[in-house]
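**Q** Please find structure-v4.txt (compact mmCIF, C-alpha atoms) on the next line:
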```txt
# COMPACT_ATOMS: atom_id res chain seq x y z
CA MET A 1451 14.55 12.90 -56.99
CA ASN A 1452 15.49 16.47 -56.14
CA PHE A 1453 18.13 17.44 -53.63
CA ARG A 1454 15.66 17.84 -50.80
CA ALA A 1455 14.16 14.44 -51.40
CA ARG A 1456 17.60 12.90 -51.52
CA THR A 1457 18.61 14.61 -48.30
CA ALA A 1458 15.43 13.35 -46.70
CA ALA A 1459 16.17 9.84 -47.94
CA GLY A 1460 19.70 10.13 -46.59
CA LEU A 1461 18.46 11.23 -43.21
CA ALA A 1462 15.96 8.39 -43.21
CA VAL A 1463 18.82 5.97 -43.79
CA ALA A 1464 20.80 7.63 -41.00
CA ALA A 1465 17.81 7.30 -38.71
CA LEU A 1466 17.46 3.63 -39.58
CA LEU A 1467 21.14 3.10 -38.83
CA ALA A 1468 20.81 4.86 -35.51
CA ILE A 1469 17.88 2.62 -34.61
CA ALA A 1470 19.74 -0.49 -35.67
CA GLY A 1471 22.79 0.64 -33.71
CA ALA A 1472 24.62 0.30 -37.01
CA ALA A 1473 25.79 -3.18 -36.21
CA ARG A 1474 27.50 -5.01 -39.03
CA ALA A 1475 24.98 -6.77 -41.22
CA GLU A 1476 25.44 -10.25 -42.57
CA SER A 1477 26.69 -10.22 -46.16
CA ASN A 1478 25.44 -12.40 -48.98
CA VAL A 1479 21.96 -12.80 -47.56
CA ASP A 1480 18.74 -11.61 -49.17
CA PRO A 1481 18.58 -7.88 -48.38
CA ASN A 1482 14.83 -7.70 -48.94
CA PRO A 1483 13.17 -11.10 -48.50
CA GLY A 1484 9.82 -11.53 -50.16
CA VAL A 1485 10.04 -8.42 -52.32
CA GLU A 1486 9.49 -9.16 -56.03
CA LEU A 1487 9.96 -7.05 -59.15
CA VAL A 1488 7.26 -7.21 -61.81
CA ILE A 1489 7.63 -4.41 -64.36
CA ASN A 1490 4.39 -2.83 -65.58
CA GLY A 1491 2.50 -5.56 -63.78
CA ASP A 1492 3.27 -8.06 -66.54
CA THR A 1493 7.03 -8.66 -66.83
CA PRO A 1494 8.50 -10.62 -63.91
CA ILE A 1495 12.18 -9.97 -63.26
CA THR A 1496 14.40 -12.53 -61.57
CA VAL A 1497 16.10 -10.47 -58.86
CA ARG A 1498 17.52 -13.38 -56.86
CA ALA A 1499 19.04 -16.64 -58.09
CA LYS A 1500 21.42 -19.41 -57.16
CA ALA A 1501 24.98 -18.32 -57.88
CA PRO A 1502 26.71 -19.90 -60.90
CA ASP A 1503 29.02 -22.84 -60.05
CA TYR A 1504 32.20 -20.84 -60.64
CA LEU A 1505 31.32 -18.60 -57.68
CA GLU A 1506 31.42 -21.53 -55.26
CA GLY A 1507 33.13 -20.47 -52.04
CA HIS A 1508 32.44 -16.82 -52.88
CA LEU A 1509 28.68 -16.41 -53.24
CA ASP A 1510 25.83 -18.87 -52.69
CA ASN A 1511 23.12 -16.63 -54.10
CA ILE A 1512 23.09 -13.60 -56.33
CA TYR A 1513 20.88 -10.56 -55.85
CA SER A 1514 20.01 -7.68 -58.15
CA GLY A 1515 21.02 -4.22 -56.97
CA TRP A 1516 17.30 -3.42 -57.14
CA LEU A 1517 16.78 -5.33 -53.86
CA TYR A 1518 19.18 -3.00 -52.03
CA ARG A 1519 17.38 0.18 -53.00
CA ILE A 1520 14.78 2.10 -51.02
CA GLU A 1521 11.11 1.58 -51.80
CA SER A 1522 10.59 4.76 -53.86
CA THR A 1523 13.52 3.91 -56.13
CA ARG A 1524 12.32 0.33 -56.52
CA ALA A 1525 8.86 1.59 -57.44
CA MET A 1526 10.26 3.81 -60.22
CA GLU A 1527 11.80 0.81 -61.94
CA ALA A 1528 8.59 -1.21 -61.65
CA ASP A 1529 6.60 1.19 -63.84
CA ASP A 1530 7.75 2.45 -67.23
CA PHE A 1531 5.67 5.62 -66.79
CA GLU A 1532 7.78 6.41 -63.72
CA ASN A 1533 11.13 5.15 -65.05
CA PRO A 1534 13.07 8.21 -66.30
CA ALA A 1535 15.24 5.99 -68.53
CA ILE A 1536 12.39 5.19 -70.89
CA THR A 1537 12.75 8.54 -72.71
CA PHE A 1538 16.30 7.53 -73.62
CA VAL A 1539 15.17 4.08 -74.74
CA GLU A 1540 12.71 5.77 -77.10
CA GLU A 1541 15.45 8.00 -78.48
CA GLY A 1542 17.58 4.90 -79.05
CA ILE A 1543 14.74 3.20 -80.94
CA ASP A 1544 14.34 6.31 -83.12
CA ALA A 1545 18.07 6.18 -83.90
CA TRP A 1546 17.73 2.46 -84.70
CA ASN A 1547 15.28 3.31 -87.46
CA THR A 1548 17.19 6.35 -88.79
CA VAL A 1549 19.26 6.06 -91.97
CA GLU A 1550 22.80 7.37 -91.46
CA GLY A 1551 26.16 7.19 -93.24
CA THR A 1552 27.36 6.66 -96.78
CA GLU A 1553 25.62 3.31 -97.33
CA GLY A 1554 22.09 4.68 -96.89
CA LYS A 1555 21.27 2.21 -94.12
CA SER A 1556 19.77 2.24 -90.66
CA CYS A 1557 20.25 -0.50 -88.05
CA ALA A 1558 16.81 -1.74 -89.08
CA SER A 1559 17.92 -2.19 -92.71
CA CYS A 1560 19.92 -5.27 -91.72
CA HIS A 1561 18.51 -6.30 -88.32
CA GLY A 1562 14.80 -5.55 -88.86
CA ASP A 1563 12.61 -4.43 -86.02
CA ILE A 1564 14.68 -3.92 -82.87
CA SER A 1565 12.31 -6.14 -80.87
CA GLU A 1566 13.16 -9.07 -83.13
CA GLY A 1567 16.72 -8.33 -84.22
CA MET A 1568 18.07 -7.53 -80.77
CA LYS A 1569 16.11 -9.95 -78.58
CA GLY A 1570 18.54 -11.70 -76.21
CA VAL A 1571 21.62 -9.83 -77.42
CA ARG A 1572 22.22 -7.86 -74.22
CA ALA A 1573 22.05 -11.08 -72.18
CA ARG A 1574 25.13 -12.43 -74.01
CA MET A 1575 27.30 -9.29 -73.77
CA PRO A 1576 30.24 -8.90 -73.69
CA ALA A 1577 31.18 -11.71 -76.07
CA VAL A 1578 34.09 -12.91 -78.19
CA ASN A 1579 33.72 -11.91 -81.85
CA GLU A 1580 34.62 -13.91 -84.96
CA ASN A 1581 38.20 -12.62 -84.78
CA GLY A 1582 38.70 -13.84 -81.24
CA GLU A 1583 38.44 -10.40 -79.64
CA LEU A 1584 36.31 -9.66 -76.60
CA TRP A 1585 33.75 -7.04 -77.57
CA SER A 1586 31.27 -5.12 -75.48
CA LEU A 1587 27.87 -4.19 -76.92
CA GLU A 1588 29.31 -0.75 -77.72
CA ASP A 1589 31.96 -2.35 -79.95
CA TYR A 1590 29.36 -4.30 -81.92
CA ILE A 1591 27.27 -1.15 -82.38
CA ASN A 1592 30.21 0.86 -83.67
CA ASN A 1593 31.37 -1.96 -85.92
CA CYS A 1594 27.99 -1.86 -87.64
CA ARG A 1595 28.01 1.92 -87.84
CA VAL A 1596 31.49 2.18 -89.35
CA ASN A 1597 31.73 -0.93 -91.51
CA ARG A 1598 28.14 -1.49 -92.63
CA MET A 1599 26.55 1.97 -92.50
CA GLY A 1600 29.55 4.12 -93.35
CA ALA A 1601 28.63 6.30 -90.38
CA GLU A 1602 30.72 7.90 -87.65
CA PRO A 1603 31.25 5.73 -84.58
CA TYR A 1604 29.41 6.79 -81.45
CA LYS A 1605 31.54 7.94 -78.53
CA TRP A 1606 31.43 5.14 -75.92
CA ASP A 1607 30.14 7.20 -73.01
CA LYS A 1608 28.00 9.83 -74.76
CA GLY A 1609 24.23 10.12 -75.12
CA PRO A 1610 23.65 8.51 -78.53
CA MET A 1611 25.59 5.36 -77.57
CA LYS A 1612 23.89 5.07 -74.17
CA ASN A 1613 20.49 5.55 -75.79
CA MET A 1614 21.28 2.73 -78.19
CA THR A 1615 22.59 0.32 -75.53
CA ALA A 1616 19.50 1.16 -73.45
CA ALA A 1617 17.17 0.45 -76.40
CA ILE A 1618 18.97 -2.84 -77.09
CA SER A 1619 18.97 -3.86 -73.41
CA MET A 1620 15.23 -3.32 -73.30
CA GLN A 1621 14.79 -6.10 -75.89
CA SER A 1622 16.27 -8.62 -73.40
CA ARG A 1623 14.21 -7.44 -70.44
CA GLY A 1624 13.31 -10.41 -68.26
CA MET A 1625 15.67 -12.81 -70.04
CA PRO A 1626 18.37 -14.50 -67.95
CA MET A 1627 21.86 -13.03 -68.14
CA ASN A 1628 23.96 -15.68 -69.84
CA VAL A 1629 27.44 -14.57 -70.87
CA ALA A 1630 29.88 -17.24 -72.03
CA VAL A 1631 32.78 -17.76 -69.64
CA ASP A 1632 34.42 -20.78 -71.28
CA GLY A 1633 35.91 -21.61 -74.69
CA PRO A 1634 37.40 -18.53 -76.35
CA ALA A 1635 36.06 -16.32 -73.52
CA ALA A 1636 38.01 -18.18 -70.82
CA PRO A 1637 41.29 -16.22 -70.91
CA PHE A 1638 39.43 -12.87 -70.87
CA TRP A 1639 37.21 -14.07 -68.05
CA GLU A 1640 40.19 -15.20 -65.98
CA ARG A 1641 41.90 -11.84 -66.35
CA GLY A 1642 38.66 -10.11 -65.40
CA ARG A 1643 38.43 -12.30 -62.31
CA ASP A 1644 41.99 -11.38 -61.32
CA MET A 1645 41.08 -7.71 -61.65
CA TYR A 1646 37.97 -8.21 -59.51
CA TYR A 1647 40.12 -9.40 -56.62
CA THR A 1648 42.97 -6.88 -57.08
CA ARG A 1649 43.17 -4.27 -54.36
CA TYR A 1650 43.73 -1.06 -56.30
CA GLY A 1651 44.70 2.42 -55.27
CA LEU A 1652 45.79 4.21 -52.15
CA LEU A 1653 42.80 2.71 -50.34
CA GLN A 1654 43.78 -0.82 -51.44
CA LEU A 1655 40.24 -1.91 -52.20
CA SER A 1656 39.16 -4.55 -54.69
CA CYS A 1657 35.69 -4.94 -56.16
CA ALA A 1658 35.33 -7.88 -53.77
CA SER A 1659 36.25 -5.78 -50.70
CA CYS A 1660 32.91 -4.00 -50.96
CA HIS A 1661 30.66 -6.08 -53.20
CA GLU A 1662 31.54 -9.61 -52.07
CA LYS A 1663 32.76 -9.24 -48.49
CA ASN A 1664 30.57 -6.32 -47.48
CA ASN A 1665 27.42 -6.27 -49.56
CA ASN A 1666 24.39 -5.45 -47.39
CA ASN A 1667 26.51 -3.14 -45.20
CA TYR A 1668 26.62 0.63 -45.47
CA ILE A 1669 29.53 2.73 -46.65
CA ARG A 1670 28.49 6.15 -45.40
CA GLY A 1671 24.86 6.31 -46.63
CA ASP A 1672 25.25 3.80 -49.44
CA HIS A 1673 23.76 0.35 -49.03
CA LEU A 1674 26.39 -1.80 -50.73
CA SER A 1675 25.03 -4.26 -53.27
CA GLN A 1676 26.70 -7.19 -54.99
CA GLY A 1677 27.63 -4.84 -57.82
CA GLN A 1678 25.55 -6.68 -60.42
CA ILE A 1679 25.35 -5.04 -63.84
CA VAL A 1680 22.20 -6.69 -65.22
CA GLY A 1681 20.39 -3.34 -64.97
CA PHE A 1682 22.89 -1.39 -67.10
CA PRO A 1683 22.94 1.02 -68.69
CA THR A 1684 21.17 2.33 -65.65
CA TYR A 1685 19.42 5.59 -64.85
CA ARG A 1686 21.15 7.18 -61.87
CA LEU A 1687 19.08 9.68 -59.94
CA LYS A 1688 22.26 11.30 -58.65
CA LYS A 1689 23.42 12.01 -62.21
CA GLY A 1690 20.03 12.57 -63.80
CA GLY A 1691 20.95 10.41 -66.76
CA LEU A 1692 22.08 7.05 -68.08
CA VAL A 1693 25.36 5.58 -66.84
CA SER A 1694 27.27 3.02 -68.90
CA ILE A 1695 28.87 -0.12 -67.46
CA HIS A 1696 32.42 1.11 -68.09
CA ASN A 1697 31.66 4.50 -66.57
CA ARG A 1698 30.52 2.75 -63.40
CA LEU A 1699 33.52 0.37 -63.28
CA LYS A 1700 35.89 3.27 -63.83
CA GLY A 1701 34.13 5.30 -61.12
CA CYS A 1702 34.52 2.54 -58.56
CA ILE A 1703 38.23 2.15 -59.31
CA ARG A 1704 38.68 5.94 -59.14
CA ASP A 1705 37.06 5.94 -55.70
CA THR A 1706 39.80 3.65 -54.40
CA ARG A 1707 42.07 6.61 -55.21
CA ALA A 1708 43.65 4.63 -58.02
CA GLU A 1709 44.79 5.35 -61.53
CA THR A 1710 41.74 4.16 -63.45
CA PHE A 1711 41.47 2.34 -66.77
CA PRO A 1712 40.01 4.20 -69.75
CA ILE A 1713 36.40 3.62 -70.75
CA GLY A 1714 36.45 1.16 -73.65
CA SER A 1715 39.82 -0.29 -72.64
CA GLN A 1716 40.63 -3.97 -72.91
CA GLU A 1717 40.93 -4.15 -69.12
CA LEU A 1718 37.42 -2.82 -68.55
CA ARG A 1719 35.99 -5.17 -71.20
CA GLU A 1720 37.51 -8.11 -69.32
CA LEU A 1721 36.29 -6.84 -65.96
CA GLU A 1722 32.87 -6.26 -67.52
CA LEU A 1723 32.78 -9.89 -68.69
CA TYR A 1724 33.67 -11.22 -65.27
CA VAL A 1725 31.21 -8.98 -63.43
CA ALA A 1726 28.49 -9.83 -65.97
CA SER A 1727 29.17 -13.54 -65.38
CA ARG A 1728 28.55 -13.09 -61.65
CA GLY A 1729 25.01 -12.15 -62.65
CA ASN A 1730 24.36 -15.15 -64.91
CA GLY A 1731 20.87 -16.32 -63.95
CA LEU A 1732 19.49 -12.93 -62.94
CA SER A 1733 17.21 -11.17 -65.44
CA VAL A 1734 18.39 -8.40 -67.69
CA GLU A 1735 16.34 -5.54 -66.27
CA GLY A 1736 16.05 -3.44 -69.38
CA VAL A 1737 17.00 -0.17 -67.90
CA ALA A 1738 17.30 -0.02 -64.12
CA VAL A 1739 16.86 2.96 -61.79
CA ARG A 1740 19.48 3.44 -59.10
CA PRO A 1741 20.28 6.22 -56.63
CA MET B 843 56.14 13.59 -21.66
CA ARG B 844 56.32 11.05 -18.87
CA LYS B 845 56.16 8.31 -21.46
CA LEU B 846 58.96 9.88 -23.44
CA PHE B 847 61.04 10.00 -20.28
CA VAL B 848 60.35 6.36 -19.51
CA LEU B 849 61.22 5.36 -23.06
CA CYS B 850 64.41 7.41 -22.90
CA THR B 851 65.51 5.74 -19.75
CA ALA B 852 64.67 2.38 -21.28
CA GLY B 853 66.96 3.31 -24.12
CA VAL B 854 64.57 2.38 -26.92
CA VAL B 855 63.54 5.83 -28.09
CA PHE B 856 64.17 6.78 -31.70
CA ILE B 857 66.64 9.64 -32.06
CA PRO B 858 64.47 11.33 -34.75
CA SER B 859 61.47 11.56 -32.45
CA MET B 860 63.61 13.18 -29.78
CA LEU B 861 64.52 15.84 -32.29
CA GLY B 862 60.88 16.36 -33.25
CA ALA B 863 61.32 14.65 -36.63
CA GLU B 864 58.75 12.21 -37.93
CA THR B 865 59.09 8.51 -38.50
CA ALA B 866 58.74 7.91 -42.25
CA PRO B 867 56.12 5.34 -43.33
CA GLN B 868 58.84 2.90 -44.39
CA ASP B 869 60.55 3.14 -40.97
CA VAL B 870 57.57 2.35 -38.74
CA VAL B 871 58.32 -0.61 -36.46
CA PHE B 872 55.48 -3.04 -35.76
CA THR B 873 55.37 -5.56 -32.93
CA GLU B 874 54.63 -9.19 -33.73
CA HIS B 875 50.89 -8.49 -33.33
CA GLY B 876 50.85 -5.29 -35.37
CA ALA B 877 51.11 -2.65 -32.64
CA VAL B 878 53.25 0.47 -33.06
CA GLU B 879 54.64 1.47 -29.68
CA GLU B 880 56.53 4.57 -30.69
CA SER B 881 54.71 7.83 -31.44
CA LEU B 882 55.27 8.78 -35.08
CA THR B 883 56.07 12.38 -34.13
CA GLY B 884 56.77 12.62 -30.41
CA VAL B 885 54.10 15.34 -30.30
CA PRO B 886 50.96 14.44 -28.34
CA GLY B 887 47.89 13.96 -30.56
CA ASP B 888 45.01 16.41 -30.58
CA PRO B 889 41.72 14.52 -30.23
CA GLU B 890 39.66 17.47 -31.53
CA ASN B 891 41.60 17.55 -34.76
CA GLY B 892 41.37 13.75 -34.76
CA LEU B 893 37.58 14.04 -34.87
CA LYS B 894 37.78 16.37 -37.88
CA ILE B 895 40.07 13.94 -39.68
CA ALA B 896 37.89 10.95 -38.82
CA THR B 897 34.76 12.58 -40.20
CA THR B 898 36.20 14.33 -43.30
CA LYS B 899 35.85 12.44 -46.57
CA LYS B 900 39.19 13.50 -48.04
CA LYS B 901 41.06 12.84 -44.79
CA GLY B 902 40.56 9.74 -42.63
CA ASN B 903 36.90 9.24 -43.51
CA CYS B 904 36.70 6.69 -40.64
CA MET B 905 33.00 7.50 -40.52
CA ALA B 906 32.47 5.92 -43.94
CA CYS B 907 32.89 2.46 -42.41
CA HIS B 908 32.64 2.87 -38.63
CA THR B 909 30.06 4.10 -36.18
CA ALA B 910 31.21 5.61 -32.88
CA LYS B 911 29.54 7.55 -30.08
CA GLY B 912 31.96 10.40 -30.86
CA TRP B 913 30.34 11.10 -34.24
CA GLU B 914 26.86 9.69 -33.77
CA HIS B 915 25.41 13.18 -34.13
CA MET B 916 26.64 13.34 -37.73
CA PRO B 917 24.62 11.64 -40.48
CA LEU B 918 25.59 8.76 -42.71
CA HIS B 919 28.16 6.66 -40.94
CA GLY B 920 28.80 3.19 -42.21
CA ASN B 921 28.86 -0.23 -40.57
CA ILE B 922 31.52 -2.12 -42.50
CA GLY B 923 33.98 -2.02 -39.62
CA PRO B 924 33.25 -2.54 -35.93
CA ASN B 925 31.57 0.10 -33.76
CA LEU B 926 34.39 2.12 -32.20
CA SER B 927 32.47 3.51 -29.21
CA ASP B 928 34.46 1.35 -26.78
CA VAL B 929 37.54 0.67 -28.90
CA ALA B 930 39.89 1.99 -26.18
CA ASN B 931 38.55 -0.70 -23.85
CA ARG B 932 39.65 -3.30 -26.33
CA HIS B 933 42.97 -1.86 -27.57
CA ASP B 934 45.78 0.11 -25.94
CA GLU B 935 47.44 3.11 -27.58
CA ALA B 936 50.15 1.12 -29.35
CA GLU B 937 47.58 -1.29 -30.80
CA LEU B 938 45.36 1.59 -31.92
CA ARG B 939 48.33 3.29 -33.59
CA GLY B 940 49.25 0.05 -35.35
CA ILE B 941 45.70 -0.39 -36.64
CA VAL B 942 45.50 3.18 -37.98
CA VAL B 943 48.99 3.03 -39.53
CA ASN B 944 48.45 -0.33 -41.24
CA ALA B 945 45.71 -2.58 -39.91
CA LYS B 946 46.85 -5.43 -42.14
CA HIS B 947 49.57 -6.25 -39.59
CA THR B 948 46.88 -6.80 -36.93
CA PHE B 949 44.00 -8.19 -39.03
CA HIS B 950 45.46 -9.93 -42.05
CA ASP B 951 42.35 -10.04 -44.24
CA THR B 952 40.94 -6.65 -43.32
CA VAL B 953 39.58 -4.36 -46.03
CA MET B 954 40.64 -1.37 -43.92
CA PRO B 955 42.94 1.02 -45.78
CA SER B 956 46.45 1.55 -44.41
CA PHE B 957 46.61 5.22 -43.44
CA TYR B 958 50.36 5.59 -43.07
CA ASN B 959 51.79 3.38 -45.75
CA VAL B 960 53.38 3.84 -49.16
CA ASP B 961 54.31 0.25 -49.98
CA ASN B 962 52.67 -2.48 -52.06
CA LEU B 963 50.25 -0.11 -53.76
CA ILE B 964 48.72 -1.09 -57.11
CA ARG B 965 48.03 1.79 -59.52
CA PRO B 966 48.06 4.52 -56.86
CA GLY B 967 46.13 7.55 -58.06
CA ASP B 968 46.26 11.29 -57.65
CA GLY B 969 43.43 11.73 -55.15
CA PHE B 970 40.04 11.08 -56.75
CA THR B 971 41.07 12.25 -60.23
CA GLY B 972 41.64 8.77 -61.65
CA LYS B 973 45.05 9.93 -62.87
CA PRO B 974 48.35 8.36 -61.76
CA ALA B 975 49.80 9.66 -58.49
CA LYS B 976 52.44 12.34 -58.98
CA GLU B 977 54.07 11.33 -55.73
CA ILE B 978 53.16 8.60 -53.31
CA LYS B 979 52.09 10.08 -50.01
CA PRO B 980 50.41 8.26 -47.14
CA LEU B 981 46.67 8.90 -46.70
CA LEU B 982 47.33 10.76 -43.44
CA SER B 983 50.38 12.64 -42.17
CA ALA B 984 52.24 11.32 -39.13
CA GLN B 985 50.67 13.95 -36.88
CA GLU B 986 47.20 13.29 -38.29
CA VAL B 987 47.66 9.61 -37.34
CA GLU B 988 48.62 10.69 -33.81
CA ASP B 989 45.55 12.96 -33.66
CA VAL B 990 43.24 10.09 -34.67
CA VAL B 991 44.92 7.79 -32.12
CA ALA B 992 44.39 10.47 -29.45
CA LEU B 993 40.70 10.58 -30.41
CA LEU B 994 40.34 6.80 -30.32
CA LYS B 995 41.90 6.71 -26.84
CA THR B 996 38.90 8.74 -25.63
CA PHE B 997 36.46 6.14 -27.02
CA LYS B 998 35.96 4.29 -23.71
CA GLU B 999 32.85 3.01 -22.05
CA SER B 1000 32.81 2.54 -18.31
CA GLY B 1001 31.92 -0.84 -16.93
CA SER B 1002 33.02 -2.80 -19.98
CA GLU B 1003 36.74 -2.83 -19.24
```
Before anything else, please render the file you have as structure tokens.
**A**
Amino acid sequence: MNFRARTAAGLAVAALLAIAGAARAESNVDPNPGVELVINGDTPITVRAKAPDYLEGHLDNIYSGWLYRIESTRAMEADDFENPAITFVEEGIDAWNTVEGTEGKSCASCHGDISEGMKGVRARMPAVNENGELWSLEDYINNCRVNRMGAEPYKWDKGPMKNMTAAISMQSRGMPMNVAVDGPAAPFWERGRDMYYTRYGLLQLSCASCHEKNNNNYIRGDHLSQGQIVGFPTYRLKKGGLVSIHNRLKGCIRDTRAETFPIGSQELRELELYVASRGNGLSVEGVAVRP
Amino acid sequence: MRKLFVLCTAGVVFIPSMLGAETAPQDVVFTEHGAVEESLTGVPGDPENGLKIATTKKKGNCMACHTAKGWEHMPLHGNIGPNLSDVANRHDEAELRGIVVNAKHTFHDTVMPSFYNVDNLIRPGDGFTGKPAKEIKPLLSAQEVEDVVALLKTFKESGSE
């Protein structure tokens, strides 16, 4: 969307608010009842679900951020010819099949076709590895690159990594998000939960301040969602490119006028796990489109 | 001025405010219900400047969460907090000042930021840079708080008092 279109959309939102008298909306209700997402007319996406048991007392139902977006944005995600992220997915698939590094291997050399080797992987991320560490998808990708391919690691928040996480996410499109929260993941998950409810920064806002207590309300022109990450990496119209999960988490913390945590830090991995777990039961969206 | 005189005669005025000095964030006195009776500066607030502060993102940014008749002509106000169009019917000056200074004394669970507070902050940052704060300053200056309070005092609707 160009600037003019965005301004027009913003004014439309302002007009809607003026009509509604901008009264507080009820949070944690379906923001768009009856609206369903079916991508390319053949892949149904679960955009609303019963909240997992561990959210009892916090959320009854969980809703994809897609439901909070305006119709034109929703339509872009429903059609891969319109979804600007698909170009990046294709670049990621090309990289998957490209030999790199000292070992003469590509991702495909070990994992086979991406559609088979990576099916369901995104739905389980982040996850505890065999050494008991919590790893995001980016960590698993770089582990393969460095230790199996003899290639340089990708930078966490740069194009090649985002293309790859987008290509891998696409292979779980429509599958239910299902990160592990118990067993070896439990201590990481609990720390992530504590972070979610910590009121950071000069503005003293927690993730929950906006995304649990005030989803469905507007902060300036932004319709606050539940902050689900099942659509990540996501194509943001405002940025004209893919945005990683950690970039988004860091951006939210920064906006509380806080000292943020670095992308790829242990803290953001733990917060990622907890936020991901709040979406367990929603579909992985492949690559979402957001404002 | 009349108020200052009354307070003087009542013997409760702060010496610093008589000298034109400001009350520091740590020295603000709240009533049991979270009101702040004493002006932070002793200088009357300027409602016009209050409107600028309330609608500027890097200042008060009240508009991000509140709608009010006073800024209805500007686009993109939020609805997280209550509509402020008649807030002066519901709260007197001391209560309004207390809410702007640190609303958590009035509404314990509120998500509203504390605009004149430097305590109990977790990882305070340097503006929107994401870097640690070099020095901890309140979100608004004492006089900016007074200006916003002066603005809010004008948000009255007749017939609903």
**Q** For Cys1560 of chain A, find every residue with an atom within 12 Å (counting all atoms listed in the file), except residues of its own chain fewer than 3 positions away, and show them as a ChimeraX atom specification.
**A** /A:1546-1547,1549,1553-1557,1563-1564,1566-1568,1594-1595,1598-1599
**Q** Show me a table, sorted first by chain and then by increasing residue number, of the residues of chain A having an atom at most 7 Å from chain B, each with its shortest atom pair and the distance in Å to one decimal, counting all atoms listed in the file and written as JSON lines.
**A**
```
{"residue": "A:Leu1461", "atom": "CA", "partner": "B:Pro917", "partner_atom": "CA", "distance": 6.8}
{"residue": "A:Ala1464", "atom": "CA", "partner": "B:Leu918", "partner_atom": "CA", "distance": 5.2}
{"residue": "A:Ala1472", "atom": "CA", "partner": "B:Asn921", "partner_atom": "CA", "distance": 5.6}
{"residue": "A:Ala1473", "atom": "CA", "partner": "B:Asn921", "partner_atom": "CA", "distance": 6.1}
{"residue": "A:Arg1474", "atom": "CA", "partner": "B:Asn921", "partner_atom": "CA", "distance": 5.2}
{"residue": "A:Arg1649", "atom": "CA", "partner": "B:Ile964", "partner_atom": "CA", "distance": 7.0}
{"residue": "A:Tyr1650", "atom": "CA", "partner": "B:Ile964", "partner_atom": "CA", "distance": 5.1}
{"residue": "A:Gly1651", "atom": "CA", "partner": "B:Pro966", "partner_atom": "CA", "distance": 4.3}
{"residue": "A:Leu1652", "atom": "CA", "partner": "B:Pro966", "partner_atom": "CA", "distance": 5.2}
{"residue": "A:Leu1653", "atom": "CA", "partner": "B:Pro955", "partner_atom": "CA", "distance": 4.9}
{"residue": "A:Gln1654", "atom": "CA", "partner": "B:Pro955", "partner_atom": "CA", "distance": 6.0}
{"residue": "A:Leu1655", "atom": "CA", "partner": "B:Val953", "partner_atom": "CA", "distance": 6.7}
{"residue": "A:Ser1659", "atom": "CA", "partner": "B:Val953", "partner_atom": "CA", "distance": 5.9}
{"residue": "A:Asn1664", "atom": "CA", "partner": "B:Ile922", "partner_atom": "CA", "distance": 6.6}
{"residue": "A:Asn1667", "atom": "CA", "partner": "B:Ile922", "partner_atom": "CA", "distance": 5.8}
{"residue": "A:Tyr1668", "atom": "CA", "partner": "B:Gly920", "partner_atom": "CA", "distance": 4.7}
{"residue": "A:Ile1669", "atom": "CA", "partner": "B:Gly920", "partner_atom": "CA", "distance": 4.5}
{"residue": "A:Arg1670", "atom": "CA", "partner": "B:Ala906", "partner_atom": "CA", "distance": 4.2}
{"residue": "A:Gly1671", "atom": "CA", "partner": "B:Leu918", "partner_atom": "CA", "distance": 4.7}
{"residue": "A:Arg1704", "atom": "CA", "partner": "B:Gly972", "partner_atom": "CA", "distance": 4.8}
{"residue": "A:Asp1705", "atom": "CA", "partner": "B:Phe970", "partner_atom": "CA", "distance": 6.0}
{"residue": "A:Arg1707", "atom": "CA", "partner": "B:Gly967", "partner_atom": "CA", "distance": 5.0}
{"residue": "A:Ala1708", "atom": "CA", "partner": "B:Gly967", "partner_atom": "CA", "distance": 3.8}
{"residue": "A:Glu1709", "atom": "CA", "partner": "B:Gly967", "partner_atom": "CA", "distance": 4.3}
{"residue": "A:Thr1710", "atom": "CA", "partner": "B:Gly972", "partner_atom": "CA", "distance": 4.9}
```
**Q** Please measure the separation of atom CA of Gly1542 of chain A and atom CA of Gly1642 of chain A, giving the value in Å to one decimal.
**A**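 Between these atoms lies a distance of 29.3 Å.
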**Q** Between A:Ala1616, A:Val1739, A:Val1725, A:Ala1558, which one has atoms that come closest to Leu1687 of chain A, using only C-alpha atoms?
**A**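 Checking each of A:Ala1616, A:Val1739, A:Val1725, A:Ala1558 against Leu1687 of chain A, counting only C-alpha atoms, the winner is A:Val1739.
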**Q** Glu1580 of chain A: which residues within 12 Å, counting all atoms listed in the file, same-chain residues fewer than 3 positions away excluded, as a list of chain:residue names?
**A**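 My list of contacting residues is A:Ala1577, A:Glu1583, A:Leu1584, A:Trp1585, A:Tyr1590, A:Pro1634, A:Ala1635.
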**Q** Separation of atom CA of Leu938 of chain B and atom CA of Asp888 of chain B, in Å?
**A**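 These two atoms are separated by 14.9 Å.
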